[in-house]
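Colleague: query01.cif (mmCIF, C-alpha atoms and all ligand atoms) pasted underneath:
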data_my_file
loop_
_atom_site.label_atom_id
_atom_site.label_comp_id
_atom_site.auth_asym_id
_atom_site.auth_seq_id
_atom_site.Cartn_x
_atom_site.Cartn_y
_atom_site.Cartn_z
CA MET A 85 140.88 100.07 -126.38
CA GLY A 86 142.94 98.11 -128.85
CA THR A 87 141.71 94.97 -130.55
CA LEU A 88 138.53 94.68 -128.48
CA SER A 89 137.10 97.97 -129.77
CA VAL A 90 133.78 97.59 -131.59
CA SER A 91 133.50 101.29 -132.46
CA ASP A 92 134.19 100.65 -136.18
CA ALA A 93 132.14 97.48 -136.14
CA PRO A 94 128.78 97.19 -137.87
CA LYS A 95 125.88 98.75 -135.93
CA LEU A 96 124.27 95.29 -135.93
CA TYR A 97 126.79 94.11 -133.31
CA GLY A 98 126.76 97.32 -131.29
CA GLU A 99 123.76 99.61 -130.86
CA LEU A 100 121.47 97.18 -132.74
CA ALA A 101 122.69 93.93 -131.14
CA SER A 102 119.38 93.42 -129.31
CA TRP A 103 117.65 93.25 -132.75
CA PHE A 104 119.97 90.56 -134.17
CA HIS A 105 117.71 87.56 -133.54
CA LEU A 106 114.91 89.21 -135.52
CA LEU A 107 117.25 89.50 -138.51
CA SER A 108 118.82 86.09 -138.05
CA TRP A 109 116.60 83.62 -136.24
CA PRO A 110 118.06 80.56 -134.42
CA ALA A 111 115.56 78.26 -136.17
CA ASP A 112 116.96 79.37 -139.55
CA TYR A 113 120.24 77.61 -138.66
CA THR A 114 119.00 74.03 -138.17
CA GLU A 115 120.32 72.62 -141.46
CA GLU A 116 123.53 74.63 -141.52
CA ALA A 117 124.37 73.59 -137.95
CA GLU A 118 123.71 69.95 -138.85
CA PHE A 119 126.09 70.26 -141.79
CA ALA A 120 128.72 71.80 -139.49
CA ARG A 121 128.18 69.04 -136.92
CA SER A 122 128.76 66.37 -139.57
CA LEU A 123 132.17 67.88 -140.43
CA LEU A 124 133.21 68.61 -136.84
CA ALA A 125 132.37 65.13 -135.57
CA SER A 126 135.33 62.80 -135.38
CA PRO A 127 135.31 59.06 -134.66
CA ASN A 128 138.25 59.68 -132.27
CA SER A 129 136.38 62.27 -130.16
CA PRO A 130 135.33 61.56 -126.58
CA PRO A 131 131.58 61.11 -125.83
CA SER A 132 131.00 64.83 -125.13
CA PRO A 133 133.62 66.61 -127.26
CA THR A 134 134.61 70.18 -126.50
CA LEU A 135 134.06 72.81 -129.18
CA LEU A 136 135.36 76.37 -129.25
CA GLU A 137 133.50 78.81 -131.49
CA LEU A 138 135.24 82.06 -132.45
CA GLY A 139 132.89 84.92 -133.42
CA SER A 140 129.85 83.05 -132.11
CA GLY A 141 127.59 86.10 -132.43
CA GLY A 142 123.99 85.55 -131.34
CA GLY A 143 124.75 81.87 -130.71
CA ASN A 144 122.39 80.65 -133.42
CA ASN A 145 124.57 77.75 -134.57
CA ALA A 146 125.47 77.00 -130.98
CA SER A 147 121.78 76.67 -130.09
CA HIS A 148 121.81 73.51 -132.25
CA LEU A 149 125.41 72.33 -131.82
CA LYS A 150 125.28 72.44 -128.01
CA ALA A 151 123.31 69.16 -128.01
CA HIS A 152 126.41 67.45 -129.42
CA PHE A 153 129.34 69.41 -127.98
CA LYS A 154 130.39 71.07 -124.73
CA MET A 155 130.76 74.59 -126.13
CA THR A 156 132.80 77.67 -125.33
CA LEU A 157 131.51 80.71 -127.22
CA THR A 158 133.65 83.77 -127.88
CA ASP A 159 132.95 87.06 -129.60
CA VAL A 160 134.38 90.55 -129.69
CA SER A 161 130.99 92.18 -128.99
CA GLU A 162 129.64 92.21 -125.45
CA GLY A 163 126.11 92.88 -126.80
CA MET A 164 126.23 89.76 -128.95
CA LEU A 165 127.60 87.67 -126.09
CA GLU A 166 124.71 88.89 -123.95
CA LEU A 167 122.18 87.74 -126.56
CA SER A 168 123.87 84.36 -126.81
CA ARG A 169 124.01 83.95 -123.01
CA ASN A 170 120.21 84.27 -122.96
CA LEU A 171 119.82 81.70 -125.76
CA ASN A 172 122.56 79.35 -124.58
CA PRO A 173 122.89 79.71 -120.79
CA GLU A 174 124.51 76.27 -120.53
CA CYS A 175 127.51 77.35 -122.67
CA GLU A 176 130.60 79.19 -121.46
CA HIS A 177 130.84 82.73 -122.92
CA LEU A 178 134.06 84.74 -123.14
CA ARG A 179 134.90 88.02 -124.80
CA GLY A 180 137.78 87.97 -127.24
CA ASP A 181 139.07 88.86 -130.67
CA MET A 182 139.66 85.83 -132.91
CA LYS A 183 142.88 87.44 -134.16
CA SER A 184 144.50 87.39 -130.74
CA LEU A 185 142.49 85.28 -128.28
CA ARG A 186 144.61 82.89 -126.19
CA LEU A 187 142.65 80.89 -123.63
CA GLY A 188 145.52 78.64 -122.58
CA SER A 189 143.50 75.48 -123.26
CA VAL A 190 142.78 73.16 -126.18
CA PHE A 191 139.49 71.81 -127.54
CA ASP A 192 138.50 68.72 -129.51
CA ALA A 193 137.27 70.99 -132.31
CA VAL A 194 137.20 74.67 -133.30
CA PHE A 195 134.55 76.40 -135.41
CA ILE A 196 134.39 79.76 -137.14
CA HIS A 197 131.18 80.33 -139.06
CA ASP A 198 130.38 83.53 -141.00
CA ALA A 199 132.30 85.69 -138.48
CA ILE A 200 135.44 84.77 -140.46
CA MET A 201 134.17 87.21 -143.12
CA TYR A 202 135.33 90.08 -140.88
CA MET A 203 138.95 89.12 -141.57
CA THR A 204 139.57 91.61 -144.37
CA LYS A 205 143.36 91.37 -144.75
CA GLU A 206 145.43 88.26 -145.36
CA ALA A 207 147.36 88.96 -142.15
CA ASP A 208 144.07 88.98 -140.19
CA LEU A 209 142.88 85.73 -141.75
CA ARG A 210 146.28 84.21 -140.93
CA SER A 211 145.95 85.35 -137.30
CA ALA A 212 142.42 83.91 -136.97
CA LEU A 213 143.53 80.54 -138.38
CA GLU A 214 146.48 80.56 -135.97
CA THR A 215 144.10 81.24 -133.07
CA ALA A 216 142.02 78.27 -134.21
CA ARG A 217 145.15 76.07 -134.41
CA VAL A 218 146.47 77.10 -130.99
CA HIS A 219 143.15 76.01 -129.43
CA CYS A 220 142.74 72.79 -131.41
CA LYS A 221 144.11 69.57 -129.95
CA GLU A 222 146.52 67.49 -132.05
CA GLY A 223 144.41 65.55 -134.57
CA GLY A 224 141.35 67.72 -133.84
CA ILE A 225 139.14 69.32 -136.48
CA ALA A 226 138.65 72.99 -137.29
CA LEU A 227 135.86 74.16 -139.57
CA PHE A 228 135.75 77.55 -141.30
CA MET A 229 132.62 78.57 -143.17
CA PRO A 230 133.13 81.74 -145.24
CA ASP A 231 130.03 83.00 -147.08
CA VAL A 232 132.04 83.16 -150.30
CA ILE A 233 135.57 82.90 -151.61
CA ARG A 234 137.06 84.92 -154.48
CA GLU A 235 136.14 82.22 -157.03
CA THR A 236 132.47 82.03 -155.97
CA PHE A 237 131.73 85.73 -155.36
CA VAL A 238 128.69 87.20 -157.10
CA SER A 239 126.97 90.50 -156.43
CA LEU A 240 123.57 89.78 -154.86
CA THR A 241 120.55 91.50 -153.38
CA THR A 242 118.45 89.66 -150.80
CA HIS A 243 115.87 90.59 -148.21
CA GLY A 244 114.35 89.11 -145.08
CA GLY A 245 113.31 89.73 -141.50
CA HIS A 246 111.10 88.42 -138.72
CA ASP A 247 108.37 89.50 -136.34
CA GLY A 248 109.21 89.21 -132.66
CA THR A 249 107.46 86.56 -130.65
CA ALA A 250 108.39 87.76 -127.20
CA GLY A 251 105.45 90.16 -126.98
CA ASP A 252 107.75 93.19 -127.26
CA GLY A 253 106.19 94.32 -130.56
CA ARG A 254 109.53 94.43 -132.38
CA SER A 255 109.90 93.46 -136.06
CA ILE A 256 112.61 93.84 -138.69
CA ARG A 257 112.63 93.86 -142.46
CA TYR A 258 115.91 94.33 -144.27
CA ILE A 259 117.50 94.51 -147.69
CA GLU A 260 121.07 93.30 -148.15
CA TRP A 261 123.17 94.39 -151.13
CA THR A 262 126.49 92.69 -151.83
CA PHE A 263 128.94 94.57 -154.02
CA ASP A 264 132.66 94.46 -154.77
CA PRO A 265 133.88 98.03 -155.42
CA ASP A 266 137.46 96.90 -156.17
CA PRO A 267 137.93 93.34 -157.45
CA SER A 268 141.72 93.70 -157.10
CA ASP A 269 141.70 93.90 -153.28
CA THR A 270 140.70 91.42 -150.55
CA THR A 271 137.40 93.02 -149.50
CA TYR A 272 133.83 93.57 -150.62
CA THR A 273 130.95 95.38 -148.99
CA VAL A 274 127.56 94.26 -147.78
CA ASP A 275 125.23 97.20 -147.30
CA PHE A 276 122.15 96.64 -145.19
CA ALA A 277 119.09 98.84 -144.88
CA TYR A 278 117.16 97.80 -141.77
CA LEU A 279 113.53 98.80 -141.22
CA LEU A 280 112.96 98.61 -137.47
CA ARG A 281 109.46 98.56 -136.05
CA ASP A 282 109.16 98.96 -132.30
CA GLY A 283 105.58 98.61 -131.10
CA ARG A 284 103.13 100.87 -132.89
CA GLY A 285 105.60 103.71 -133.41
CA PRO A 286 106.91 104.80 -136.82
CA VAL A 287 109.37 102.57 -138.64
CA ARG A 288 113.01 103.62 -138.25
CA VAL A 289 115.50 103.09 -141.11
CA VAL A 290 119.16 102.40 -140.38
CA GLN A 291 121.88 101.86 -142.97
CA ASP A 292 124.83 99.65 -142.00
CA THR A 293 127.90 98.81 -144.07
CA HIS A 294 129.75 95.56 -143.37
CA VAL A 295 133.21 95.13 -144.93
CA PHE A 296 133.97 91.46 -145.62
CA GLY A 297 137.17 89.67 -146.60
CA LEU A 298 137.46 87.83 -149.91
CA PHE A 299 140.28 85.36 -150.54
CA PRO A 300 140.99 82.81 -153.25
CA ARG A 301 140.89 79.10 -152.42
CA ASN A 302 144.67 78.85 -152.75
CA THR A 303 145.18 81.53 -150.12
CA TRP A 304 142.85 79.69 -147.74
CA LEU A 305 144.68 76.39 -148.27
CA ARG A 306 148.12 77.99 -147.93
CA LEU A 307 147.21 79.79 -144.70
CA LEU A 308 145.65 76.61 -143.28
CA SER A 309 148.86 74.73 -144.00
CA ASP A 310 151.01 77.53 -142.54
CA ALA A 311 148.89 77.50 -139.37
CA GLY A 312 149.41 73.75 -138.89
CA PHE A 313 146.29 72.26 -140.46
CA ASP A 314 145.98 69.57 -143.06
CA GLY A 315 143.27 71.50 -144.94
CA ARG A 316 140.76 70.76 -147.66
CA SER A 317 137.81 72.55 -149.19
CA VAL A 318 134.31 71.05 -149.11
CA THR A 319 131.24 72.26 -150.98
CA ASP A 320 128.25 72.62 -148.68
CA PRO A 321 124.64 71.74 -149.64
CA TRP A 322 124.05 75.39 -150.66
CA GLY A 323 126.99 75.46 -153.09
CA ARG A 324 129.40 77.37 -150.83
CA GLU A 325 133.00 76.31 -150.35
CA VAL A 326 134.01 75.81 -146.74
CA PHE A 327 137.32 74.66 -145.26
CA VAL A 328 138.08 71.78 -142.94
CA GLY A 329 141.45 71.41 -141.25
CA ARG A 330 142.89 68.58 -139.20
CA ALA A 331 145.45 69.87 -136.69
CA VAL A 332 148.83 68.39 -137.46
CA GLY A 333 152.38 68.92 -136.22
CA ARG A 334 153.50 70.91 -133.22
CA HIS A 335 152.14 74.40 -132.74
CA SER A 336 152.88 76.80 -129.92
CA ARG A 337 152.14 80.37 -131.15
C1 LIG B 401 126.97 87.25 -138.19
S1 LIG B 401 127.54 87.26 -136.56
C2 LIG B 401 127.81 85.55 -136.23
C3 LIG B 401 126.53 84.81 -136.05
C4 LIG B 401 126.78 83.35 -135.73
N1 LIG B 401 127.22 82.63 -136.93
C5 LIG B 401 125.59 82.69 -135.10
O1 LIG B 401 125.46 81.47 -135.27
O2 LIG B 401 124.80 83.36 -134.41
C6 LIG B 401 129.21 87.82 -136.75
C7 LIG B 401 129.91 87.99 -135.41
O3 LIG B 401 131.31 88.15 -135.65
C8 LIG B 401 131.79 88.92 -134.57
N2 LIG B 401 133.14 89.38 -134.88
C9 LIG B 401 133.53 90.26 -135.83
N3 LIG B 401 134.86 90.42 -135.79
C10 LIG B 401 135.33 89.61 -134.79
C11 LIG B 401 136.62 89.33 -134.27
N4 LIG B 401 137.70 89.94 -134.75
N5 LIG B 401 136.72 88.44 -133.24
C12 LIG B 401 135.61 87.83 -132.73
N6 LIG B 401 134.37 88.07 -133.19
C13 LIG B 401 134.23 88.94 -134.21
C14 LIG B 401 130.75 90.03 -134.45
O4 LIG B 401 130.85 90.69 -133.20
C15 LIG B 401 129.47 89.22 -134.65
O5 LIG B 401 128.93 88.85 -133.42
#
I need this file expressed as structure tokens, please.
Ligand SMILES: C[S@@+](CC[C@H](N)C(=O)[O-])C[C@H]1O[C@@H](n2cnc3c(N)ncnc32)[C@H](O)[C@@H]1O

Modeller:
Amino acid sequence: MGTLSVSDAPKLYGELASWFHLLSWPADYTEEAEFARSLLASPNSPPSPTLLELGSGGGNNASHLKAHFKMTLTDVSEGMLELSRNLNPECEHLRGDMKSLRLGSVFDAVFIHDAIMYMTKEADLRSALETARVHCKEGGIALFMPDVIRETFVSLTTHGGHDGTAGDGRSIRYIEWTFDPDPSDTTYTVDFAYLLRDGRGPVRVVQDTHVFGLFPRNTWLRLLSDAGFDGRSVTDPWGREVFVGRAVGRHSR
């Protein structure tokens, strides 16, 4: 089924989507969402600016940003959209691939958080930035928050997880291992081992490989310019480099 297929996608966004909020809790996003808000806010915006998020996932950032923006949330995974609808019923939710989505409308601002990491080829990153530009009004702001760029990549191992609070007896613990098997290409892998506890039954272990894109700063800035953004990189409070673009010039793709 073409670009909307999630069959090759990580299990986390398919069969395990209902577990996502135990791995990544909305409350964990308070500071990151505030940082994003500060970059997305523009003195020229109307009182309730519109914001399109591409790859909005479980809607964790949106659960904070929706107090400041009228949000449209899009994702390629129906399971993730369903989670986000429950968390953010006041937001519009639409299914779509950030490489090809065309809603036929423009927004005051456009946001792609960590979902941009799933753009593993330069052509895909280019397409996602073009999608952002097509939906961003002239003079509007787009914010892209990759986890890492080529210059800041380091191999890491982290762990985490949460216990469910909804009385369903579900808990997750996970280990996350970041590794770059081939530093000459534009990808690296993040392997997860999830330990899933459902009630009092035995713990189930699931391994899940995520393939992420890795691009140098110059590639980011060139593609932003090509897409019709006046782009710059900004270092966030956690030392990551993110990219802010102001939509300039005419754009009709
Ligand atoms: C880590 S989650 C995003 C979580 C999000 N930052 C939040 O605040 O909840 C990554 C999301 O990217 C989505 N995704 C991956 N490739 C995509 C694509 N080509 N177009 C749209 N969404 C995509 C996945 O379905 C997944 O929901």

Colleague: Expressed in Å to a single decimal, how great is the separation between CA of Gly323 (chain A) and CA of Trp103 (chain A)?

Modeller: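 Atom-to-atom, CA of Gly323 (chain A) to CA of Trp103 (chain A), that is 28.6 Å.
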
Colleague: Could the residues that lie within 6 Å of ligand LIG 401 (chain B), counting all atoms listed in the file, be listed as a list in words?

Modeller: Tyr97, Leu138, Gly139, Ser140, Gly141, Gly142, Gly143, Asn144, Asn145, Asp159, Val160, Ser161, Met164, Gly180, Asp181, Met182, Lys183, His197, Asp198, Ala199 and Tyr202 of chain A

Colleague: How many Å separate CA of Val318 (chain A) from CA of Asp112 (chain A)?

Modeller: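 Taking CA of Val318 (chain A) as the start and CA of Asp112 (chain A) as the end point, the length is 21.5 Å.
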
Colleague: When you count only C-alpha atoms, which of these residues is closest to Lys205 (chain A): A:Asp314, A:Tyr272, A:Val328, A:Asp320?

Modeller: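 Among the listed residues, A:Tyr272 lies closest to Lys205 (chain A).
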
Colleague: With all atoms listed in the file as the atoms that count, which of A:Thr204, A:Ser189, A:Thr236, A:Asn172 lies nearest to Thr271 (chain A)?

Modeller: A:Thr204

Colleague: From the set A:Val218, A:Met203, A:Leu123, A:Leu135, which residue has the shortest atom-to-atom contact distance to Ala311 (chain A), counting all atoms listed in the file?

Modeller: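 Result for the nearest residue to Ala311 (chain A): A:Val218.
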
Colleague: For Arg324 (chain A), please output as a ChimeraX atom specification all residues within 12 Å (counting only C-alpha atoms; exclusion window: fewer than 2 positions along the same chain).

Modeller: /A:116,119,198,228-238,301,317-322,326-327

Colleague: Calculated over only C-alpha atoms, which of the candidates A:Asp192, A:Glu174, A:Asp252, A:Glu166 has the smallest distance to His219 (chain A)?

Modeller: A:Asp192

Colleague: Taking all atoms listed in the file into account, name the residue in A:Ala151, A:Leu187, A:Val295, A:Ile225 that is nearest to Pro265 (chain A).

Modeller: A:Val295

Colleague: Restricting the calculation to only C-alpha atoms, which member of A:Leu96, A:Arg281, A:Arg306, A:Leu178 is positioned closest to His246 (chain A)?

Modeller: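 Closest to His246 (chain A), using only C-alpha atoms: A:Arg281.
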
Colleague: Could you check how far CA of Cys220 (chain A) sits from CA of Ser147 (chain A), in Å to one decimal?

Modeller: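 So the answer is 21.4 Å.
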
Colleague: Report as a ChimeraX atom specification all protein, DNA and RNA residues lying within 12 Å of Phe263 (chain A), evaluated on all atoms listed in the file, omitting residues in the same chain fewer than 4 positions from it.

Modeller: /A:237-241,267,271-276,293-296,298

Colleague: Those same residues, written as a tab-separated table (two decimals), keeping the file's coordinate frame with C-alpha atoms?

Modeller:
chain	number	residue	atom	x	y	z
A	237	PHE	CA	131.73	85.73	-155.36
A	238	VAL	CA	128.69	87.20	-157.10
A	239	SER	CA	126.97	90.50	-156.43
A	240	LEU	CA	123.57	89.78	-154.86
A	241	THR	CA	120.55	91.50	-153.38
A	267	PRO	CA	137.93	93.34	-157.45
A	271	THR	CA	137.40	93.02	-149.50
A	272	TYR	CA	133.83	93.57	-150.62
A	273	THR	CA	130.95	95.38	-148.99
A	274	VAL	CA	127.56	94.26	-147.78
A	275	ASP	CA	125.23	97.20	-147.30
A	276	PHE	CA	122.15	96.64	-145.19
A	293	THR	CA	127.90	98.81	-144.07
A	294	HIS	CA	129.75	95.56	-143.37
A	295	VAL	CA	133.21	95.13	-144.93
A	296	PHE	CA	133.97	91.46	-145.62
A	298	LEU	CA	137.46	87.83	-149.91

Colleague: Just want the 12 Å neighbourhood of Arg217 (chain A), counted on only C-alpha atoms, with same-chain residues fewer than 6 positions away dropped. Output as a compact mmCIF listing (two decimals) with C-alpha atoms, in the coordinates of the input.

Modeller:
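Produced file part.txt, reproduced below:
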# COMPACT_ATOMS: atom_id res chain seq x y z
CA LEU A 136 135.36 76.37 -129.25
CA LEU A 138 135.24 82.06 -132.45
CA MET A 182 139.66 85.83 -132.91
CA LYS A 183 142.88 87.44 -134.16
CA SER A 184 144.50 87.39 -130.74
CA LEU A 185 142.49 85.28 -128.28
CA ARG A 186 144.61 82.89 -126.19
CA SER A 189 143.50 75.48 -123.26
CA VAL A 190 142.78 73.16 -126.18
CA PHE A 191 139.49 71.81 -127.54
CA ASP A 192 138.50 68.72 -129.51
CA ALA A 193 137.27 70.99 -132.31
CA VAL A 194 137.20 74.67 -133.30
CA PHE A 195 134.55 76.40 -135.41
CA ILE A 196 134.39 79.76 -137.14
CA ARG A 210 146.28 84.21 -140.93
CA SER A 211 145.95 85.35 -137.30
CA GLY A 223 144.41 65.55 -134.57
CA GLY A 224 141.35 67.72 -133.84
CA ILE A 225 139.14 69.32 -136.48
CA ALA A 226 138.65 72.99 -137.29
CA LEU A 227 135.86 74.16 -139.57
CA PHE A 228 135.75 77.55 -141.30
CA LEU A 307 147.21 79.79 -144.70
CA LEU A 308 145.65 76.61 -143.28
CA SER A 309 148.86 74.73 -144.00
CA ASP A 310 151.01 77.53 -142.54
CA ALA A 311 148.89 77.50 -139.37
CA GLY A 312 149.41 73.75 -138.89
CA PHE A 313 146.29 72.26 -140.46
CA ASP A 314 145.98 69.57 -143.06
CA GLY A 315 143.27 71.50 -144.94
CA VAL A 328 138.08 71.78 -142.94
CA GLY A 329 141.45 71.41 -141.25
CA ARG A 330 142.89 68.58 -139.20
CA ALA A 331 145.45 69.87 -136.69
CA VAL A 332 148.83 68.39 -137.46
CA GLY A 333 152.38 68.92 -136.22
CA ARG A 334 153.50 70.91 -133.22
CA HIS A 335 152.14 74.40 -132.74
CA SER A 336 152.88 76.80 -129.92
CA ARG A 337 152.14 80.37 -131.15

Colleague: Pull region 158-246 of chain A out of the block and emit C-alpha atoms, as a PDB file, in the first residue's frame.

Modeller:
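result_3.pdb, freshly written:
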ATOM      1  CA  THR A 158      -0.252  13.838  11.345  1.00  0.00           C
ATOM      2  CA  ASP A 159       1.481  10.488  11.423  1.00  0.00           C
ATOM      3  CA  VAL A 160       1.924   7.491   9.165  1.00  0.00           C
ATOM      4  CA  SER A 161       0.804   5.025  11.875  1.00  0.00           C
ATOM      5  CA  GLU A 162      -2.894   4.646  12.621  1.00  0.00           C
ATOM      6  CA  GLY A 163      -2.049   3.068  16.016  1.00  0.00           C
ATOM      7  CA  MET A 164      -0.034   6.115  17.040  1.00  0.00           C
ATOM      8  CA  LEU A 165      -2.747   8.492  15.836  1.00  0.00           C
ATOM      9  CA  GLU A 166      -5.241   6.553  17.946  1.00  0.00           C
ATOM     10  CA  LEU A 167      -3.071   7.005  21.056  1.00  0.00           C
ATOM     11  CA  SER A 168      -2.723  10.707  20.352  1.00  0.00           C
ATOM     12  CA  ARG A 169      -6.466  11.137  19.753  1.00  0.00           C
ATOM     13  CA  ASN A 170      -7.064   9.837  23.284  1.00  0.00           C
ATOM     14  CA  LEU A 171      -4.458  12.212  24.748  1.00  0.00           C
ATOM     15  CA  ASN A 172      -5.317  15.203  22.562  1.00  0.00           C
ATOM     16  CA  PRO A 173      -9.001  14.938  21.581  1.00  0.00           C
ATOM     17  CA  GLU A 174      -9.161  18.681  20.879  1.00  0.00           C
ATOM     18  CA  CYS A 175      -6.557  18.421  18.069  1.00  0.00           C
ATOM     19  CA  GLU A 176      -7.227  17.459  14.464  1.00  0.00           C
ATOM     20  CA  HIS A 177      -5.606  14.106  13.541  1.00  0.00           C
ATOM     21  CA  LEU A 178      -4.838  13.007   9.980  1.00  0.00           C
ATOM     22  CA  ARG A 179      -2.937  10.061   8.585  1.00  0.00           C
ATOM     23  CA  GLY A 180      -0.105  10.869   6.219  1.00  0.00           C
ATOM     24  CA  ASP A 181       3.513  10.351   5.281  1.00  0.00           C
ATOM     25  CA  MET A 182       5.683  13.427   5.846  1.00  0.00           C
ATOM     26  CA  LYS A 183       7.462  12.715   2.549  1.00  0.00           C
ATOM     27  CA  SER A 184       4.323  13.188   0.490  1.00  0.00           C
ATOM     28  CA  LEU A 185       1.501  14.697   2.580  1.00  0.00           C
ATOM     29  CA  ARG A 186      -0.348  17.555   0.855  1.00  0.00           C
ATOM     30  CA  LEU A 187      -3.251  18.968   2.858  1.00  0.00           C
ATOM     31  CA  GLY A 188      -3.951  21.891   0.544  1.00  0.00           C
ATOM     32  CA  SER A 189      -3.709  24.411   3.387  1.00  0.00           C
ATOM     33  CA  VAL A 190      -1.018  26.468   5.118  1.00  0.00           C
ATOM     34  CA  PHE A 191      -0.217  26.910   8.810  1.00  0.00           C
ATOM     35  CA  ASP A 192       1.458  29.634  10.853  1.00  0.00           C
ATOM     36  CA  ALA A 193       4.136  27.129  11.870  1.00  0.00           C
ATOM     37  CA  VAL A 194       5.253  23.555  11.136  1.00  0.00           C
ATOM     38  CA  PHE A 195       7.021  21.196  13.536  1.00  0.00           C
ATOM     39  CA  ILE A 196       8.846  17.907  13.089  1.00  0.00           C
ATOM     40  CA  HIS A 197      10.300  16.522  16.297  1.00  0.00           C
ATOM     41  CA  ASP A 198      12.224  13.230  16.523  1.00  0.00           C
ATOM     42  CA  ALA A 199      10.111  11.641  13.745  1.00  0.00           C
ATOM     43  CA  ILE A 200      12.488  13.358  11.294  1.00  0.00           C
ATOM     44  CA  MET A 201      15.031  10.672  12.279  1.00  0.00           C
ATOM     45  CA  TYR A 202      13.105   8.201  10.089  1.00  0.00           C
ATOM     46  CA  MET A 203      14.275  10.082   6.991  1.00  0.00           C
ATOM     47  CA  THR A 204      17.239   7.839   6.186  1.00  0.00           C
ATOM     48  CA  LYS A 205      18.160   9.060   2.689  1.00  0.00           C
ATOM     49  CA  GLU A 206      18.941  12.605   1.608  1.00  0.00           C
ATOM     50  CA  ALA A 207      16.079  12.428  -0.899  1.00  0.00           C
ATOM     51  CA  ASP A 208      13.663  11.551   1.927  1.00  0.00           C
ATOM     52  CA  LEU A 209      14.893  14.374   4.144  1.00  0.00           C
ATOM     53  CA  ARG A 210      14.516  16.730   1.172  1.00  0.00           C
ATOM     54  CA  SER A 211      10.930  15.541   0.640  1.00  0.00           C
ATOM     55  CA  ALA A 212      10.028  16.010   4.325  1.00  0.00           C
ATOM     56  CA  LEU A 213      11.450  19.558   4.353  1.00  0.00           C
ATOM     57  CA  GLU A 214       9.497  20.306   1.163  1.00  0.00           C
ATOM     58  CA  THR A 215       6.315  19.020   2.820  1.00  0.00           C
ATOM     59  CA  ALA A 216       7.009  21.350   5.743  1.00  0.00           C
ATOM     60  CA  ARG A 217       7.575  24.288   3.362  1.00  0.00           C
ATOM     61  CA  VAL A 218       4.435  23.637   1.313  1.00  0.00           C
ATOM     62  CA  HIS A 219       2.357  23.813   4.522  1.00  0.00           C
ATOM     63  CA  CYS A 220       4.124  26.823   6.050  1.00  0.00           C
ATOM     64  CA  LYS A 221       2.755  30.284   5.351  1.00  0.00           C
ATOM     65  CA  GLU A 222       5.092  32.922   3.911  1.00  0.00           C
ATOM     66  CA  GLY A 223       7.196  34.247   6.811  1.00  0.00           C
ATOM     67  CA  GLY A 224       6.112  31.352   9.057  1.00  0.00           C
ATOM     68  CA  ILE A 225       8.469  29.236  11.153  1.00  0.00           C
ATOM     69  CA  ALA A 226       9.347  25.562  10.791  1.00  0.00           C
ATOM     70  CA  LEU A 227      11.241  23.706  13.498  1.00  0.00           C
ATOM     71  CA  PHE A 228      13.066  20.403  12.989  1.00  0.00           C
ATOM     72  CA  MET A 229      14.499  18.605  15.997  1.00  0.00           C
ATOM     73  CA  PRO A 230      16.745  15.679  15.007  1.00  0.00           C
ATOM     74  CA  ASP A 231      18.161  13.657  17.920  1.00  0.00           C
ATOM     75  CA  VAL A 232      21.653  14.026  16.449  1.00  0.00           C
ATOM     76  CA  ILE A 233      23.446  15.207  13.347  1.00  0.00           C
ATOM     77  CA  ARG A 234      26.584  13.653  11.844  1.00  0.00           C
ATOM     78  CA  GLU A 235      28.859  16.021  13.810  1.00  0.00           C
ATOM     79  CA  THR A 236      27.269  15.236  17.196  1.00  0.00           C
ATOM     80  CA  PHE A 237      26.713  11.468  16.853  1.00  0.00           C
ATOM     81  CA  VAL A 238      28.039   9.263  19.644  1.00  0.00           C
ATOM     82  CA  SER A 239      27.261   5.624  20.329  1.00  0.00           C
ATOM     83  CA  LEU A 240      25.181   5.429  23.520  1.00  0.00           C
ATOM     84  CA  THR A 241      23.342   2.974  25.725  1.00  0.00           C
ATOM     85  CA  THR A 242      20.413   4.199  27.807  1.00  0.00           C
ATOM     86  CA  HIS A 243      17.516   2.628  29.640  1.00  0.00           C
ATOM     87  CA  GLY A 244      14.132   3.654  30.993  1.00  0.00           C
ATOM     88  CA  GLY A 245      10.472   2.775  31.284  1.00  0.00           C
ATOM     89  CA  HIS A 246       7.345   3.463  33.302  1.00  0.00           C
TER      90      HIS A 246
END
